[in-house]
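Single-structure report; data block below.
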Amino acid sequence: MKKFLFLLLCLFSVMGMEAQMSSRLTGINQPKAGEKISFNYTNNEGPIANRDTLSAVIYMYQDYVWNIDDLTLQKTGKNQWKGEYQLPADCAFFAISMRAGDIYNRVADNNDENGGYVYMTSQEDGTALPGGYAAFASFRCPKLYYVTNYFTNYSISEEAEMMWMNKEVQNYLKRMPDFIDLYLKNIQLMAGENYNKAIGHFFDMAKKDFPDNEFVLSTFENEYRFKIKDVAKADSIRDAMYKLFPNGEACMFRDFQKFQSMMGLAAADSIEKFFVKYPQDACKKRKHFRDQNYMYYNLSRVYCPLLFDGKQYDRLVKHLPMFDFKALSECYRWNIFRKFRMHFLGNDTIYSVAKPLMDLLIEKRQDHSCMDGLYNSPSEAQLNADYQFYDCLGSHIKLLNAMKRYEEAYSYLKYFDNEEMAYCNASVNEAHYQVLKALNKNGEALETLKLAAKYNTVTNEMLAELRSQSGCKTDQEFQKYMDGLKGSKVKAALEEEVKSHMMNTAIPNFTLTDSQGKQVSMSSYKNKIVVIDFWANWCAPCKAAMEGMKLAVDKYANDKDVVILFVNTQDRGYAGRATTEKFMNAKGYKNFNVMYDNKKQGSKEFSAGFSIFAKLFNSSGIPRKVIIRNGKLLYTTEGYSGSPSQLCDEICCAVELIKKSK
């Protein structure tokens with residue numbers, strides 16, 4: 001051991017410590033592990049300046065493993081916040097990140113300018129905890145290590161990194177097996193072109209001083225395999241791990257790889273044996289569990305469809321408990337939701353798996369399986385899990401409603417425990433409402449209608465029922481009634497969303513074919529606001545979205561400044577007129593101004609007009625709504641949310657904003 005330490009220290013020169021500059025975060029001085037920290041944060045400048053809603057997370061190095069947690073944060077004044085957190089007793093280092101936005105649109109303040117909001121803790125006697133120096137070296141040197149995306153462009157020098165890692169070696173040499181992966185980067189830096197020779201010396205010493213340590217062996221195996229490119233040496237280390245650790249991580253990965261070449265139910269047999277040999281609950285106790293957890297999820301994605309498509313429903317139900325929430329959610333989405341929506345199987349067959357699967361989702365909803373390394377904090381991961389849960393629960397309510405299992409469906413409604421998330425899907429709201437009506441729970445049914453209206457996620461059936469219940473006699477009265485039901489937060493969010501899709505981009509003129517076979521140029525709509533709905537007969541979302549477009553057509557029926565065109569594209573062009581007219585007549589869309597895209601030059605596809613926008617946005621997805629005026633594209637959006645009322649409001653909001661802009 002002494003020889004090992006001597007060789008390590010000979011490779012270093014000593015540097016001075018860096019001083020931390022001024023910060024937007026203050027109040028943390030010489031923190032001690034196990035104590036509660038408190039701090040003040042000012043956001044009158046920086047990337048999240050003047051935000052009214054903030055959150056905060058803390059990254060911690062505990063016993064040589066990185067973890068993430070949520071911080072308690074309270075607003076104390078304009079741009080003033082106070083945070084608190086109880087540090088664990090083994091926290092050797094921590095870094096704080098202030099955040100705004102959601103997990104899909106996050107903006108963070110990690111203060112690249114002064115090296116981040118990072119702190120080493122100390123023990124009662126003032127000494128650093130094991131891992132403190134190693135964390136300081138690796139976290140603050142992202143050009144060599146990737147811990148998380150904390151920094152954008154900051155990194156300490158390689159010399160400073162080596163100085164801090166040297167301190168870890170000096171103070172905690174016996175813990176070298178826990179940070180050997182970090183330290184080998186230093187060996188590579190110091191040895192340069194001689195790394196191939198140097199690693200051999202360190203490997204021989206490591207085997208002697210740290211025998212029978214799988215993490216040490218696997219670290220050297222990776223170095224030999226991927227950096228040194230010595231496959232024979234890497235294979236010999238791997239084979240040694242197989243013998244020393246028959247239930248270890250190397251054997252686990254070997255067995256996992258076998259499934260990639262297996263076919264059919266033989267793979268299902270082996271996956272069941274894998275879960276018995278390597279129980280996921282036992283694996284969770286391992287120090288580096290997060291690095292292996294992907295295997296369980298990937299295996300579930302093979303196993304569940306194999307048994308479901310193989311009609312081995314009882315066997316699948318028997319083994320579902322071995323999966324965590326994340327895997328069960330994917331199983332429901334791929335096997336239940338898809339089969340039910342596409343009518344691939346009878347509902348009774350689907351239900352035989354859907355019910356036990358849904359019950360397990362309820363049971364495991366908060367098992368933290370949606371944690372994605374250090375990217376999401378526990379609360380963010382739970383929010384992601386909740387979104388998945390509500391998707392599955394909504395599909396389950398729709399299945400039970402279709403099967404007329406109203407009492408059973410009603411028993412599941414209590415799990416819609418977040419109002420905003422519960423009412424975000426129009427088709428689920430409709431099923432929810434139908435269940436209540438079938439059970440003669442008229443008061444709850446009316447409340448469901450109003451809440452769906454509040455979040456602007458109602459279907460045409462629900463709109464008709466709301467109108468009947470409202471007692472409104474004119475369209476204007478009903479519009480006012482509906483506006484009163486919609487939440488101000490929802491209205492503001494919709495306007496912000498619409499504004500984010502506004503633009504002012506010149507586009508070339510193009511022509512379309514009208515229902516009489518005549519060519520119509522876009523330039524003929526001078527000074528008109530032209531709303532174009534690009535759709536196709538083969539596109540189910542396109543046709544579903546027309547329920548919302550009908551509301552917009554009715555609203556602007558007498559507005560001479562607004563023209564709404566329904567352009568059949570990527571279809572059969574004017575040759576498909578009969579199919580289009582049949583659909584329009586069946587749905588009662590008799591006042592729709594239907595047009596047909598022309599054939600694209602040099603192509604057999606009828607997409608000449610649409611291709612202008614597809615090229616502009618690098619997407620050929622439909623439905624796509626565009627609003628143009630006098631050769632300028634002013635608004636566009638792709639897809640359909642499932643809510644007719646929301647789509648109508650989006651189009652109307654965009655049109656009115658364009659009118660105001662002159």
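Starting from 1 in every chain, residues are counted up; chains themselves are A, B, ... following the order of the structure tokens, and ligands are numbered from 1 as listed.
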Near range 77-93 of chain A, within 6 Å and counting only C-alpha atoms, which residues show up once chain neighbours fewer than 5 positions away are dropped, as a ChimeraX atom specification? /A:33-44,50,60-62,71-72,119-121,129,131-132
Quick one: residues within 8 Å of Asp181 in chain A, only C-alpha atoms counted, chain neighbours fewer than 4 positions away excluded, as JSON, numbers by chain? {"A": [185, 216, 219]}
As a tab-separated table (two decimals) with N, CA and C atoms, in the first residue's frame, please: the residues near range 52-56 of chain A (cut-off 6 Å, only C-alpha atoms, same-chain neighbours under 5 positions excluded).
chain	number	residue	atom	x	y	z
A	71	LEU	N	-34.73	20.54	-2.83
A	71	LEU	CA	-34.52	21.48	-1.74
A	71	LEU	C	-35.83	22.19	-1.39
A	97	SER	N	-28.47	23.77	-7.49
A	97	SER	CA	-28.91	24.28	-8.79
A	97	SER	C	-30.28	24.90	-8.63
A	98	MET	N	-30.42	26.17	-9.00
A	98	MET	CA	-31.70	26.87	-8.99
A	98	MET	C	-32.34	26.72	-10.37
A	99	ARG	N	-33.66	26.45	-10.38
A	99	ARG	CA	-34.32	26.12	-11.64
A	99	ARG	C	-35.63	26.87	-11.83
A	100	ALA	N	-35.96	27.07	-13.10
A	100	ALA	CA	-37.27	27.62	-13.48
A	100	ALA	C	-37.78	26.79	-14.65
Surrounding residues of Asn247 in chain A excluding itself and chain neighbours under 4 positions, 12 Å, only C-alpha atoms, as a ChimeraX atom specification: /A:214,241-243,251-255,274-279,282-283
Using only C-alpha atoms, which of the listed residues (A:Asn568, A:Asn527, A:Ser270, A:Thr459) sits closest to Asp597 in chain A?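 Closest candidate: A:Asn568.
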If DSSP is run on the backbone, what residues of range 342-549 of chain A are alpha helix (DSSP H)? A reply as a ChimeraX atom specification would be ideal. /A:342,347-363,378-402,406-412,419-422,426-438,442-454,460-470,475-485,488-500,540-549
Just the residues within 12 Å of Gly484 in chain A, please, counting only C-alpha atoms, with nothing from its chain fewer than 3 positions along; format it as a PyMOL selection string. chain A and resi 450-451+453-456+470+477-481+487-488+490-491
Please provide the set of residues having any atom within 8 Å of Phe179 in chain A, restricted to only C-alpha atoms, with same-chain residues fewer than 4 positions apart removed, written as JSON, numbers by chain. {"A": [64, 134, 175, 183]}
Show me, as a list in words, the residues that have an atom within 9 Å of Cys542 in chain A when counting only C-alpha atoms, minus same-chain residues fewer than 4 positions from it.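 Everything that qualifies: Asp533, Phe534, Trp535, Ala536, Asn537, Trp538, Met546, Ile622, Pro623, Arg624, Gly639 and Tyr640 of chain A.
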Would you mind reading off the distance between CA of Asp63 in chain A and CA of Asn171 in chain A, one decimal, in Å?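 Taking CA of Asp63 in chain A and CA of Asn171 in chain A, their separation equals 14.5 Å.
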